[in-house]
Structure formats: structure tokens, C-alpha cells
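Below: the structure, in C-alpha cells.
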Amino acid sequence: MRIQTRFTLLLITLGLIGVASLLVLPVETLGPEAPPLPTGLIRALSLIQPLLLTIGAGYLGTRLAPKVSLDAPAIRLLANGRSPMRALLRQLGRAVPVAVVVGLLLIAYGITFETFVASAENDALARIEALKAPAVVRVLYGGITEEIIARWGIMTLVVWIVWRLTGRPARPSRSAYGIGMAVAALLFAAGHLPILHAALLSPPLWLVVFVIAANSLAGLAFGLLFVRDGLEAAMLGHALAHVVAMGFGVLLRL
């Protein structure tokens, strides 16, 4: 098997592990009425979109990333039959400080969001609790799959488009990376709006802006890790940010 094929399959397999974690989400309870289909079938059907996005982003990123000096070095070492541990440890050292900062941001975001929702409607907070993703989903789907879709797929595509439009220089400019980071971060943030609208039918504009801004900041941080240290650094930063947020959340409840 060619190294590039092994690399793509390894990357997509990691993403699909995150997709599989979505099976623990009680999606069948989110509708206003009892669903007509069996619970297992509903949960399986809910995986189709993220599965296709993961495969598409994995393949697209693998084709375009080398052209714009983006990479997943640890996964590439593994595809070459070499140990990725040294690369992962180096990436971990860069990811941990970002994870702490973003984790604290997530705590502040969660407190602000839940405080307003609790005061807005009697049952809104209960709906938010029902929509909260379990830890395994936050770490695996958020940390791995979302990074493959948002950074490896979307961000790489945008950087590649800007690179082509600017004459295909030897390496994309900082502005090309910046535009890619911003677009991916905004789309990543917009993906969190359905939860807001599921909790509040008509959320105020300031809350919509707050949700987009907070998640965009996190997305920009992960994008910077991707550019500087590779996709795995963004994955580690994202996954550990959720671990930090959950850890502080437990301490705040004591």
C-alpha cells in the first residue's frame, strides 16, 4: 500500500472513531415527539453527515495540504512505519498552554451561556442539559473529528484557494494562513448555533454574537497550532481544552 494511501486511511480512521462516539448522544430525545423509528436506527442515521464530512475532509486535506506547507507529521511518521512519539511530545508541549487558556474560555462561555438560558425560559436549561455532549464525544469527536473537518479540510482548502489566487508562491503568505484560519474558525463557531436555537427559539442578537465570538477564538487558537506544529497539535489542544474545562467544571461544583 502506498504511503500516501496509508496516511489518508489512518487520518480518516481517527476521524471515524470520533464519529462513532456520537452513538452515545441521545439524539432521539431532541424532537418534540416520540420518534417513529427505533433508537438504534435514529442514532445510526445521525452519523451519516459527519461520516461523509470526515471522509471528504480527510481526502481533500491530504491532496491539498502538501501544496500549502500544512501537515500532520505524527500521522505521517506512523504511515511510514516510524514512531510518532517524539513528534507528539513536541506538539503536546505547544498544545498544553493553548488548551489551558481555551479551557478557561470554555468555562466562562458555559457559565455565561447557562446563566442567561436559565433566566430566559423555565425549561431552557433542562434542554441545554439534555443537549450536552458526554466527555467521550467532546474529546474524540471535538478533539479529533472536528479538527479534521474544520482545520484539515476547510482551512486547508481556503489556504489553497488564496495561494492559487496569489500566484502560487513557494509558500503561502501569512495573510493566506490568516484567512484560512478565520474562515475555518467562523464556520466552526457557526456549527454551535443549532444548540443555541435548540435551547432558545429566539435568542437575542448579543448571545448569538457571543457564541460565535467565543468559539471563533477557540478555532483561531487551534488553527494557529495547526499552522505552526501540525494537525495533531490542533487535535491535542482541542481535546485537552475540553478536559481542562470539564476538570474546572467539577471543581466549581465542589
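We name chains A, B, ... following the order of the C-alpha cells; residues begin at 1 in each chain, and ligands are numbered from 1 as shown.
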Residues within 10 Å of range 149-164 of chain A, only C-alpha atoms, excluding chain neighbours under 5 positions, as a ChimeraX atom specification: /A:11,15,50,53-72,144,169-188,219-220,222-224,226-227,230-231,234-235
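In terms of minimum interatomic distance to Arg76 in chain A, A:Leu88 ranks closest within A:Leu88, A:Leu217, A:Leu225, A:Leu196, counting only C-alpha atoms.
Shortest separation to Phe210 in chain A among A:Leu193, A:Leu251, A:Ala239, A:Leu104 occurs at residue A:Leu193, atoms counted being only C-alpha atoms.
The interatomic distance for the pair CA of Leu105 in chain A and CA of Pro194 in chain A works out to 20.1 Å.
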Between A:Leu92, A:Leu240, A:Ile148, A:Ala79, single out the one closest to Leu52 in chain A, counting only C-alpha atoms. A:Ile148
Alpha helix (DSSP H) per DSSP on the backbone: members of range 155-242 of chain A, as a PDB file with N, CA and C atoms, in the first residue's frame:
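In the end it all went to out.pdb:
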```pdb
ATOM      1  N   THR A 156      -7.474  24.114   5.170  1.00  0.00           N
ATOM      2  CA  THR A 156      -6.514  23.800   4.110  1.00  0.00           C
ATOM      3  C   THR A 156      -7.052  24.213   2.750  1.00  0.00           C
ATOM      4  N   LEU A 157      -8.332  23.963   2.494  1.00  0.00           N
ATOM      5  CA  LEU A 157      -8.936  24.343   1.218  1.00  0.00           C
ATOM      6  C   LEU A 157      -8.878  25.851   1.006  1.00  0.00           C
ATOM      7  N   VAL A 158      -9.222  26.628   2.034  1.00  0.00           N
ATOM      8  CA  VAL A 158      -9.221  28.083   1.903  1.00  0.00           C
ATOM      9  C   VAL A 158      -7.801  28.604   1.675  1.00  0.00           C
ATOM     10  N   VAL A 159      -6.831  28.084   2.436  1.00  0.00           N
ATOM     11  CA  VAL A 159      -5.433  28.498   2.235  1.00  0.00           C
ATOM     12  C   VAL A 159      -4.988  28.169   0.816  1.00  0.00           C
ATOM     13  N   TRP A 160      -5.368  27.000   0.331  1.00  0.00           N
ATOM     14  CA  TRP A 160      -5.004  26.592  -1.029  1.00  0.00           C
ATOM     15  C   TRP A 160      -5.615  27.528  -2.069  1.00  0.00           C
ATOM     16  N   ILE A 161      -6.879  27.909  -1.873  1.00  0.00           N
ATOM     17  CA  ILE A 161      -7.535  28.824  -2.822  1.00  0.00           C
ATOM     18  C   ILE A 161      -6.817  30.176  -2.841  1.00  0.00           C
ATOM     19  N   VAL A 162      -6.518  30.730  -1.668  1.00  0.00           N
ATOM     20  CA  VAL A 162      -5.817  32.014  -1.600  1.00  0.00           C
ATOM     21  C   VAL A 162      -4.431  31.889  -2.217  1.00  0.00           C
ATOM     22  N   TRP A 163      -3.765  30.780  -1.960  1.00  0.00           N
ATOM     23  CA  TRP A 163      -2.428  30.543  -2.524  1.00  0.00           C
ATOM     24  C   TRP A 163      -2.465  30.542  -4.046  1.00  0.00           C
ATOM     25  N   ARG A 164      -3.466  29.882  -4.616  1.00  0.00           N
ATOM     26  CA  ARG A 164      -3.588  29.861  -6.079  1.00  0.00           C
ATOM     27  C   ARG A 164      -3.914  31.249  -6.624  1.00  0.00           C
ATOM     28  N   LEU A 165      -4.787  31.973  -5.940  1.00  0.00           N
ATOM     29  CA  LEU A 165      -5.184  33.299  -6.414  1.00  0.00           C
ATOM     30  C   LEU A 165      -4.048  34.312  -6.328  1.00  0.00           C
ATOM     31  N   ARG A 174       1.437  34.908   5.071  1.00  0.00           N
ATOM     32  CA  ARG A 174       0.778  34.912   6.382  1.00  0.00           C
ATOM     33  C   ARG A 174      -0.701  35.244   6.248  1.00  0.00           C
ATOM     34  N   SER A 175      -1.011  36.145   5.312  1.00  0.00           N
ATOM     35  CA  SER A 175      -2.413  36.509   5.133  1.00  0.00           C
ATOM     36  C   SER A 175      -3.226  35.333   4.613  1.00  0.00           C
ATOM     37  N   ALA A 176      -2.620  34.472   3.794  1.00  0.00           N
ATOM     38  CA  ALA A 176      -3.323  33.286   3.300  1.00  0.00           C
ATOM     39  C   ALA A 176      -3.670  32.363   4.457  1.00  0.00           C
ATOM     40  N   TYR A 177      -2.691  32.141   5.326  1.00  0.00           N
ATOM     41  CA  TYR A 177      -2.961  31.317   6.507  1.00  0.00           C
ATOM     42  C   TYR A 177      -3.992  31.998   7.414  1.00  0.00           C
ATOM     43  N   GLY A 178      -3.870  33.316   7.559  1.00  0.00           N
ATOM     44  CA  GLY A 178      -4.804  34.048   8.414  1.00  0.00           C
ATOM     45  C   GLY A 178      -6.235  33.951   7.907  1.00  0.00           C
ATOM     46  N   ILE A 179      -6.408  34.086   6.591  1.00  0.00           N
ATOM     47  CA  ILE A 179      -7.755  33.972   6.014  1.00  0.00           C
ATOM     48  C   ILE A 179      -8.295  32.557   6.219  1.00  0.00           C
ATOM     49  N   GLY A 180      -7.451  31.566   5.991  1.00  0.00           N
ATOM     50  CA  GLY A 180      -7.877  30.186   6.200  1.00  0.00           C
ATOM     51  C   GLY A 180      -8.269  29.921   7.637  1.00  0.00           C
ATOM     52  N   MET A 181      -7.468  30.429   8.569  1.00  0.00           N
ATOM     53  CA  MET A 181      -7.777  30.265   9.987  1.00  0.00           C
ATOM     54  C   MET A 181      -9.104  30.928  10.332  1.00  0.00           C
ATOM     55  N   ALA A 182      -9.321  32.138   9.810  1.00  0.00           N
ATOM     56  CA  ALA A 182     -10.530  32.899  10.145  1.00  0.00           C
ATOM     57  C   ALA A 182     -11.784  32.233   9.577  1.00  0.00           C
ATOM     58  N   VAL A 183     -11.721  31.803   8.318  1.00  0.00           N
ATOM     59  CA  VAL A 183     -12.897  31.173   7.703  1.00  0.00           C
ATOM     60  C   VAL A 183     -13.246  29.879   8.431  1.00  0.00           C
ATOM     61  N   ALA A 184     -12.234  29.056   8.693  1.00  0.00           N
ATOM     62  CA  ALA A 184     -12.486  27.790   9.386  1.00  0.00           C
ATOM     63  C   ALA A 184     -13.027  28.031  10.793  1.00  0.00           C
ATOM     64  N   ALA A 185     -12.477  29.048  11.477  1.00  0.00           N
ATOM     65  CA  ALA A 185     -12.926  29.346  12.840  1.00  0.00           C
ATOM     66  C   ALA A 185     -14.370  29.827  12.856  1.00  0.00           C
ATOM     67  N   LEU A 186     -14.738  30.665  11.880  1.00  0.00           N
ATOM     68  CA  LEU A 186     -16.117  31.165  11.817  1.00  0.00           C
ATOM     69  C   LEU A 186     -17.110  30.047  11.507  1.00  0.00           C
ATOM     70  N   LEU A 187     -16.738  29.173  10.586  1.00  0.00           N
ATOM     71  CA  LEU A 187     -17.626  28.046  10.265  1.00  0.00           C
ATOM     72  C   LEU A 187     -17.720  27.081  11.442  1.00  0.00           C
ATOM     73  N   PHE A 188     -16.603  26.883  12.122  1.00  0.00           N
ATOM     74  CA  PHE A 188     -16.581  26.054  13.335  1.00  0.00           C
ATOM     75  C   PHE A 188     -17.504  26.653  14.384  1.00  0.00           C
ATOM     76  N   ALA A 189     -17.454  27.973  14.535  1.00  0.00           N
ATOM     77  CA  ALA A 189     -18.304  28.654  15.515  1.00  0.00           C
ATOM     78  C   ALA A 189     -19.770  28.572  15.115  1.00  0.00           C
ATOM     79  N   ALA A 190     -20.052  28.759  13.832  1.00  0.00           N
ATOM     80  CA  ALA A 190     -21.436  28.705  13.361  1.00  0.00           C
ATOM     81  C   ALA A 190     -22.055  27.335  13.605  1.00  0.00           C
ATOM     82  N   LEU A 193     -24.290  27.100  16.682  1.00  0.00           N
ATOM     83  CA  LEU A 193     -25.549  27.840  16.785  1.00  0.00           C
ATOM     84  C   LEU A 193     -26.795  26.958  16.886  1.00  0.00           C
ATOM     85  N   PRO A 194     -26.833  25.784  16.230  1.00  0.00           N
ATOM     86  CA  PRO A 194     -28.033  24.948  16.393  1.00  0.00           C
ATOM     87  C   PRO A 194     -28.352  24.605  17.851  1.00  0.00           C
ATOM     88  N   ILE A 195     -27.317  24.433  18.678  1.00  0.00           N
ATOM     89  CA  ILE A 195     -27.556  24.145  20.095  1.00  0.00           C
ATOM     90  C   ILE A 195     -28.224  25.337  20.759  1.00  0.00           C
ATOM     91  N   LEU A 196     -27.751  26.536  20.404  1.00  0.00           N
ATOM     92  CA  LEU A 196     -28.350  27.746  20.965  1.00  0.00           C
ATOM     93  C   LEU A 196     -29.823  27.839  20.577  1.00  0.00           C
ATOM     94  N   HIS A 197     -30.124  27.587  19.316  1.00  0.00           N
ATOM     95  CA  HIS A 197     -31.510  27.698  18.856  1.00  0.00           C
ATOM     96  C   HIS A 197     -32.366  26.534  19.362  1.00  0.00           C
ATOM     97  N   ALA A 198     -31.738  25.419  19.690  1.00  0.00           N
ATOM     98  CA  ALA A 198     -32.492  24.314  20.281  1.00  0.00           C
ATOM     99  C   ALA A 198     -32.916  24.649  21.705  1.00  0.00           C
ATOM    100  N   ALA A 199     -32.107  25.473  22.380  1.00  0.00           N
ATOM    101  CA  ALA A 199     -32.432  25.863  23.756  1.00  0.00           C
ATOM    102  C   ALA A 199     -33.375  27.058  23.791  1.00  0.00           C
ATOM    103  N   LEU A 205     -29.641  38.868  19.854  1.00  0.00           N
ATOM    104  CA  LEU A 205     -28.512  39.024  18.950  1.00  0.00           C
ATOM    105  C   LEU A 205     -27.182  38.984  19.697  1.00  0.00           C
ATOM    106  N   TRP A 206     -27.127  39.617  20.889  1.00  0.00           N
ATOM    107  CA  TRP A 206     -25.868  39.658  21.613  1.00  0.00           C
ATOM    108  C   TRP A 206     -25.405  38.257  21.994  1.00  0.00           C
ATOM    109  N   LEU A 207     -26.349  37.358  22.272  1.00  0.00           N
ATOM    110  CA  LEU A 207     -25.977  35.998  22.644  1.00  0.00           C
ATOM    111  C   LEU A 207     -25.466  35.227  21.432  1.00  0.00           C
ATOM    112  N   VAL A 208     -26.077  35.456  20.276  1.00  0.00           N
ATOM    113  CA  VAL A 208     -25.596  34.836  19.039  1.00  0.00           C
ATOM    114  C   VAL A 208     -24.169  35.288  18.748  1.00  0.00           C
ATOM    115  N   VAL A 209     -23.940  36.610  18.876  1.00  0.00           N
ATOM    116  CA  VAL A 209     -22.595  37.156  18.649  1.00  0.00           C
ATOM    117  C   VAL A 209     -21.609  36.589  19.656  1.00  0.00           C
ATOM    118  N   PHE A 210     -22.043  36.454  20.904  1.00  0.00           N
ATOM    119  CA  PHE A 210     -21.182  35.920  21.956  1.00  0.00           C
ATOM    120  C   PHE A 210     -20.780  34.479  21.653  1.00  0.00           C
ATOM    121  N   VAL A 211     -21.738  33.654  21.231  1.00  0.00           N
ATOM    122  CA  VAL A 211     -21.452  32.253  20.908  1.00  0.00           C
ATOM    123  C   VAL A 211     -20.461  32.166  19.746  1.00  0.00           C
ATOM    124  N   ILE A 212     -20.685  32.982  18.705  1.00  0.00           N
ATOM    125  CA  ILE A 212     -19.789  32.962  17.544  1.00  0.00           C
ATOM    126  C   ILE A 212     -18.396  33.462  17.938  1.00  0.00           C
ATOM    127  N   ALA A 213     -18.324  34.536  18.719  1.00  0.00           N
ATOM    128  CA  ALA A 213     -17.034  35.110  19.092  1.00  0.00           C
ATOM    129  C   ALA A 213     -16.219  34.152  19.951  1.00  0.00           C
ATOM    130  N   ALA A 214     -16.855  33.558  20.955  1.00  0.00           N
ATOM    131  CA  ALA A 214     -16.137  32.662  21.869  1.00  0.00           C
ATOM    132  C   ALA A 214     -15.604  31.440  21.124  1.00  0.00           C
ATOM    133  N   ASN A 215     -16.438  30.846  20.289  1.00  0.00           N
ATOM    134  CA  ASN A 215     -16.000  29.659  19.561  1.00  0.00           C
ATOM    135  C   ASN A 215     -15.011  29.998  18.448  1.00  0.00           C
ATOM    136  N   SER A 216     -15.122  31.201  17.893  1.00  0.00           N
ATOM    137  CA  SER A 216     -14.150  31.626  16.879  1.00  0.00           C
ATOM    138  C   SER A 216     -12.763  31.794  17.490  1.00  0.00           C
ATOM    139  N   LEU A 217     -12.692  32.344  18.690  1.00  0.00           N
ATOM    140  CA  LEU A 217     -11.401  32.490  19.358  1.00  0.00           C
ATOM    141  C   LEU A 217     -10.745  31.133  19.568  1.00  0.00           C
ATOM    142  N   ALA A 218     -11.550  30.167  20.009  1.00  0.00           N
ATOM    143  CA  ALA A 218     -11.019  28.815  20.178  1.00  0.00           C
ATOM    144  C   ALA A 218     -10.548  28.261  18.837  1.00  0.00           C
ATOM    145  N   GLY A 219     -11.349  28.448  17.782  1.00  0.00           N
ATOM    146  CA  GLY A 219     -10.978  27.955  16.467  1.00  0.00           C
ATOM    147  C   GLY A 219      -9.694  28.591  15.944  1.00  0.00           C
ATOM    148  N   LEU A 220      -9.506  29.884  16.203  1.00  0.00           N
ATOM    149  CA  LEU A 220      -8.276  30.560  15.784  1.00  0.00           C
ATOM    150  C   LEU A 220      -7.063  29.988  16.501  1.00  0.00           C
ATOM    151  N   ALA A 221      -7.222  29.686  17.781  1.00  0.00           N
ATOM    152  CA  ALA A 221      -6.119  29.105  18.558  1.00  0.00           C
ATOM    153  C   ALA A 221      -5.732  27.739  17.994  1.00  0.00           C
ATOM    154  N   PHE A 222      -6.728  26.920  17.665  1.00  0.00           N
ATOM    155  CA  PHE A 222      -6.434  25.608  17.104  1.00  0.00           C
ATOM    156  C   PHE A 222      -5.834  25.738  15.700  1.00  0.00           C
ATOM    157  N   GLY A 223      -6.299  26.729  14.935  1.00  0.00           N
ATOM    158  CA  GLY A 223      -5.740  26.963  13.615  1.00  0.00           C
ATOM    159  C   GLY A 223      -4.275  27.357  13.676  1.00  0.00           C
ATOM    160  N   LEU A 224      -3.917  28.167  14.669  1.00  0.00           N
ATOM    161  CA  LEU A 224      -2.524  28.568  14.831  1.00  0.00           C
ATOM    162  C   LEU A 224      -1.651  27.368  15.172  1.00  0.00           C
ATOM    163  N   LEU A 225      -2.161  26.488  16.031  1.00  0.00           N
ATOM    164  CA  LEU A 225      -1.420  25.260  16.340  1.00  0.00           C
ATOM    165  C   LEU A 225      -1.219  24.426  15.081  1.00  0.00           C
ATOM    166  N   PHE A 226      -2.240  24.352  14.261  1.00  0.00           N
ATOM    167  CA  PHE A 226      -2.162  23.587  13.016  1.00  0.00           C
ATOM    168  C   PHE A 226      -1.061  24.127  12.117  1.00  0.00           C
ATOM    169  N   VAL A 227      -1.026  25.443  11.933  1.00  0.00           N
ATOM    170  CA  VAL A 227      -0.025  26.046  11.053  1.00  0.00           C
ATOM    171  C   VAL A 227       1.381  25.850  11.606  1.00  0.00           C
ATOM    172  N   ARG A 228       1.546  26.066  12.898  1.00  0.00           N
ATOM    173  CA  ARG A 228       2.883  26.045  13.486  1.00  0.00           C
ATOM    174  C   ARG A 228       3.422  24.643  13.738  1.00  0.00           C
ATOM    175  N   ASP A 229       2.555  23.733  14.172  1.00  0.00           N
ATOM    176  CA  ASP A 229       3.051  22.448  14.664  1.00  0.00           C
ATOM    177  C   ASP A 229       2.376  21.225  14.064  1.00  0.00           C
ATOM    178  N   LEU A 231      -1.355  19.153  12.397  1.00  0.00           N
ATOM    179  CA  LEU A 231      -2.746  18.866  12.742  1.00  0.00           C
ATOM    180  C   LEU A 231      -2.884  18.231  14.117  1.00  0.00           C
ATOM    181  N   GLU A 232      -1.962  17.358  14.481  1.00  0.00           N
ATOM    182  CA  GLU A 232      -2.073  16.684  15.775  1.00  0.00           C
ATOM    183  C   GLU A 232      -1.993  17.661  16.935  1.00  0.00           C
ATOM    184  N   ALA A 233      -1.236  18.742  16.770  1.00  0.00           N
ATOM    185  CA  ALA A 233      -1.173  19.762  17.821  1.00  0.00           C
ATOM    186  C   ALA A 233      -2.536  20.413  18.012  1.00  0.00           C
ATOM    187  N   ALA A 234      -3.242  20.677  16.905  1.00  0.00           N
ATOM    188  CA  ALA A 234      -4.594  21.232  16.998  1.00  0.00           C
ATOM    189  C   ALA A 234      -5.540  20.238  17.655  1.00  0.00           C
ATOM    190  N   MET A 235      -5.398  18.950  17.301  1.00  0.00           N
ATOM    191  CA  MET A 235      -6.225  17.919  17.931  1.00  0.00           C
ATOM    192  C   MET A 235      -5.978  17.859  19.437  1.00  0.00           C
ATOM    193  N   LEU A 236      -4.705  17.843  19.823  1.00  0.00           N
ATOM    194  CA  LEU A 236      -4.365  17.777  21.243  1.00  0.00           C
ATOM    195  C   LEU A 236      -4.870  19.016  21.976  1.00  0.00           C
ATOM    196  N   GLY A 237      -4.679  20.188  21.373  1.00  0.00           N
ATOM    197  CA  GLY A 237      -5.149  21.418  22.008  1.00  0.00           C
ATOM    198  C   GLY A 237      -6.647  21.417  22.207  1.00  0.00           C
ATOM    199  N   HIS A 238      -7.376  20.959  21.200  1.00  0.00           N
ATOM    200  CA  HIS A 238      -8.844  20.934  21.261  1.00  0.00           C
ATOM    201  C   HIS A 238      -9.321  19.921  22.297  1.00  0.00           C
ATOM    202  N   ALA A 239      -8.791  18.699  22.232  1.00  0.00           N
ATOM    203  CA  ALA A 239      -9.220  17.655  23.165  1.00  0.00           C
ATOM    204  C   ALA A 239      -8.883  18.033  24.607  1.00  0.00           C
ATOM    205  N   LEU A 240      -7.668  18.532  24.833  1.00  0.00           N
ATOM    206  CA  LEU A 240      -7.254  18.885  26.192  1.00  0.00           C
ATOM    207  C   LEU A 240      -8.006  20.105  26.708  1.00  0.00           C
ATOM    208  N   ALA A 241      -8.415  21.005  25.830  1.00  0.00           N
ATOM    209  CA  ALA A 241      -9.216  22.150  26.266  1.00  0.00           C
ATOM    210  C   ALA A 241     -10.520  21.678  26.893  1.00  0.00           C
ATOM    211  N   HIS A 242     -11.131  20.659  26.301  1.00  0.00           N
ATOM    212  CA  HIS A 242     -12.349  20.094  26.881  1.00  0.00           C
ATOM    213  C   HIS A 242     -12.058  19.412  28.220  1.00  0.00           C
TER     214      HIS A 242
END
```
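The space between CA of Gly143 in chain A and CA of Thr112 in chain A spans 22.8 Å.
Residue nearest Gly249 in chain A within the list A:Pro204, A:Gly167, A:Gly103, A:Gly142: A:Gly103 [criterion: smallest interatomic distance, only C-alpha atoms].
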